[in-house]
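K.L.:
Once you've had a glance at the structure underneath, I'll fire off some questions.
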Amino acid sequence: MALHRINTVDELHGYLHAALQLEHATIPPYLTALYSMHPATNADAYRVIRVVAVEEMLHLTLVANLLNAVGGTPDLCADGFVPAYPAHLPDGEDDFEVGTRAFSRDTIESFLKIERPAVAEDTRFVARDRSDRALLPAVNAHEDDLHFFSIGEFYAEIGEGLHRLHQEMGEALFCGDPARQVGAEYYYSGGGAIVEVTDAASAAAAMRVISEQGEGLGGGIFDDEGELAHYYRFQQLLLGRYYQPGDLAGSPTGPLLDVDWDAVYPVMADADLQHYTEPGELQDAVTAFSVAYGDFLARLTEAFGGRPDLLLPAVADMFRIKELASRIIRNPMPGRTGVNAAPVFRGLAPVKVA
């Protein structure tokens with residue numbers, strides 16, 4: 001996506017589509033690391049990663065509410081929505097790649113890069129050459145292809161764009177059908193409060209939830225509700241201690257956090273459908289997972305399109321996805337010593353090879 005300052009509703013839609021894809025793009029890496037842990041081990045690490053993944057689902061829903069509120073249409077089934085890992089995130093960062101990997105120190109380091117805090121300044125716009133691994137195609141003709149250092153800076157531009165357009169258009173900016181909003185009666189995850197977006201005040205509230213939970217600005221350790229930002233949740237795993245109120249960044253003083261880096265299935269990094277071309281039970285299992293994940297994204301798309309009640313059965317979808325992934329990762333990859341199979345978050349069945 002060609003990123004530059006938001007001055008039109010179409011450009012706002014483009015950013016929010018990128019934000020929708022961005023929130024989703026973090027989920028398969030987090031789930032792969034989560035599922036790769038041996039059962040009944042790493043309770044602390046499992047809890048940390050699961051909390052972040054749940055909050056990313058909340059952010060995905062909040063972005064859908066924002067996009068619907070300003071007249072856009074969320075589509076999680078569009079071509080290219082699901083990335084082929086490894087890939088750069090769609091907010092324009094290009095100094096690291098995101099992949100689906102087993103739980104390890106290196107994997108957590110990559111999660112820290114995803115969630116890194118940074119103070120938003122005007123200098124956050126930096127010209128760059130376009131990456132061939134960018135998740136979104138360039139959708140706006142512009143002389144520069146620009147990027148941000150952090151997700152927080154990306155969301156700061158969305159907030160500023162909303163403010164600029166609201167000053168110009170008033171409440172007419174929020175022209176979306178309120179019936180398409182996901183409310184608290186349909187969404188409960190323990191990951192934070194859902195916000196129905198119908199005006200500038202509720203849009204700002206939704207943005208605050210996203211910012212304070214992990215994609216925020218300024219590098220604060222705790223949000224206003226006393227919850228850790230994502231960056232510091234992950235950092236605990238490398239430092240071996242929990243943060244507690246009053247701690248300084250990088251120096252947690254809370255209880256010890258136990259991590260067993262070896263209690264992990266050695267799942268294949270960045271698995272793709274092309275790795276499973278041999279007919280048999282493993283290919284069938286990967287196909288079933290991929291189809292189930294595609295069905296899950298389709299259900300979310302329909303839910304965000306005016307059927308918020310479908311989010312309730314989507315919870316059951318997530319349990320099925322976890323069960324199917326657990327079956328896959330316990331299988332060695334044929335012909336690859338010391339490497340186990342891994343799920344593929346593509347939503348498509350692999351091509352059968354004769």
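In the structure tokens, the first chain shown is A, the next is B, and so on; residue numbers restart at 1 for each chain, and ligands run from 1 in the order shown.
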Under the rule of at most 8 Å, produce a per-residue listing of region 241-345 of chain A near region 78-97 of chain A: chain, number, name, the closest pair of atoms, and the distance in Å, as a tab-separated table, using only C-alpha atoms.
P.N.:
residue	atom	partner	partner_atom	distance
A:Asp270	CA	A:Tyr85	CA	5.4
A:Ala271	CA	A:Tyr85	CA	7.7
A:Asp272	CA	A:Ala84	CA	7.4
A:Phe345	CA	A:Val82	CA	7.4
K.L.:
Would you save the residues of that selection, restricted to all heavy atoms, as a PDB file, in the first residue's frame?
P.N.:
ATOM      1  N   ASP A 270       7.239 -21.202   8.456  1.00  0.00           N
ATOM      2  CA  ASP A 270       6.576 -20.590   7.296  1.00  0.00           C
ATOM      3  C   ASP A 270       5.982 -21.637   6.354  1.00  0.00           C
ATOM      4  O   ASP A 270       6.167 -21.594   5.136  1.00  0.00           O
ATOM      5  CB  ASP A 270       7.560 -19.690   6.545  1.00  0.00           C
ATOM      6  CG  ASP A 270       8.192 -18.652   7.459  1.00  0.00           C
ATOM      7  OD1 ASP A 270       7.473 -18.124   8.331  1.00  0.00           O
ATOM      8  OD2 ASP A 270       9.395 -18.382   7.307  1.00  0.00           O
ATOM      9  N   ALA A 271       5.264 -22.566   6.949  1.00  0.00           N
ATOM     10  CA  ALA A 271       4.646 -23.638   6.152  1.00  0.00           C
ATOM     11  C   ALA A 271       3.674 -23.052   5.135  1.00  0.00           C
ATOM     12  O   ALA A 271       2.961 -22.086   5.409  1.00  0.00           O
ATOM     13  CB  ALA A 271       3.918 -24.613   7.071  1.00  0.00           C
ATOM     14  N   ASP A 272       3.659 -23.668   3.950  1.00  0.00           N
ATOM     15  CA  ASP A 272       2.745 -23.244   2.892  1.00  0.00           C
ATOM     16  C   ASP A 272       2.146 -24.491   2.265  1.00  0.00           C
ATOM     17  O   ASP A 272       2.639 -25.617   2.457  1.00  0.00           O
ATOM     18  CB  ASP A 272       3.481 -22.405   1.848  1.00  0.00           C
ATOM     19  CG  ASP A 272       2.502 -21.620   0.979  1.00  0.00           C
ATOM     20  OD1 ASP A 272       1.586 -20.998   1.540  1.00  0.00           O
ATOM     21  OD2 ASP A 272       2.654 -21.636  -0.252  1.00  0.00           O
ATOM     22  N   PHE A 345      -2.288 -21.213   7.324  1.00  0.00           N
ATOM     23  CA  PHE A 345      -3.399 -20.288   7.493  1.00  0.00           C
ATOM     24  C   PHE A 345      -3.707 -19.613   6.156  1.00  0.00           C
ATOM     25  O   PHE A 345      -3.513 -18.417   5.979  1.00  0.00           O
ATOM     26  CB  PHE A 345      -3.038 -19.235   8.534  1.00  0.00           C
ATOM     27  CG  PHE A 345      -2.791 -19.781   9.915  1.00  0.00           C
ATOM     28  CD1 PHE A 345      -1.568 -20.351  10.246  1.00  0.00           C
ATOM     29  CD2 PHE A 345      -3.773 -19.706  10.891  1.00  0.00           C
ATOM     30  CE1 PHE A 345      -1.326 -20.849  11.521  1.00  0.00           C
ATOM     31  CE2 PHE A 345      -3.548 -20.194  12.170  1.00  0.00           C
ATOM     32  CZ  PHE A 345      -2.324 -20.772  12.483  1.00  0.00           C
TER      33      PHE A 345
END
K.L.:
Identify, on the basis of only C-alpha atoms, every residue whose closest approach to region 253-269 of chain A does not exceed 6 Å; exclude the query and any residue fewer than 3 positions from it along the same chain; express the result as a PDB file with C-alpha atoms, in the first residue's frame.
P.N.:
ATOM      1  CA  SER A  36       3.782 -25.522  19.020  1.00  0.00           C
ATOM      2  CA  MET A  37       4.222 -25.854  22.793  1.00  0.00           C
ATOM      3  CA  HIS A  38       3.978 -29.337  24.296  1.00  0.00           C
ATOM      4  CA  ASN A  42       4.906 -23.558  29.573  1.00  0.00           C
ATOM      5  CA  THR A 100       4.903 -18.558  11.373  1.00  0.00           C
ATOM      6  CA  ARG A 101       7.471 -20.290  13.575  1.00  0.00           C
ATOM      7  CA  ALA A 102       7.739 -22.530  16.624  1.00  0.00           C
ATOM      8  CA  GLY A 240      12.134 -14.313  33.005  1.00  0.00           C
ATOM      9  CA  ARG A 241      10.079 -12.083  35.297  1.00  0.00           C
ATOM     10  CA  TYR A 242       6.669 -10.467  35.358  1.00  0.00           C
ATOM     11  CA  TYR A 243       6.313  -6.706  35.345  1.00  0.00           C
ATOM     12  CA  GLN A 244       4.532  -5.102  38.263  1.00  0.00           C
ATOM     13  CA  VAL A 339      11.016 -31.148  11.514  1.00  0.00           C
ATOM     14  CA  ASN A 340       7.323 -31.479  12.285  1.00  0.00           C
ATOM     15  CA  ALA A 341       4.376 -30.428  10.178  1.00  0.00           C
ATOM     16  CA  ALA A 342       2.694 -27.071  10.735  1.00  0.00           C
TER      17      ALA A 342
END
K.L.:
Please, which residues of region 8-88 of chain A, numbered as in this document, come out helix (DSSP H, G or I) from DSSP, as JSON, numbers by chain?
P.N.:
{"A": [9, 10, 11, 12, 13, 14, 15, 16, 17, 18, 19, 20, 21, 22, 23, 24, 25, 26, 27, 28, 29, 30, 31, 32, 33, 34, 35, 43, 44, 45, 46, 47, 48, 49, 50, 51, 52, 53, 54, 55, 56, 57, 58, 59, 60, 61, 62, 63, 64, 65, 66, 67, 68, 69]}
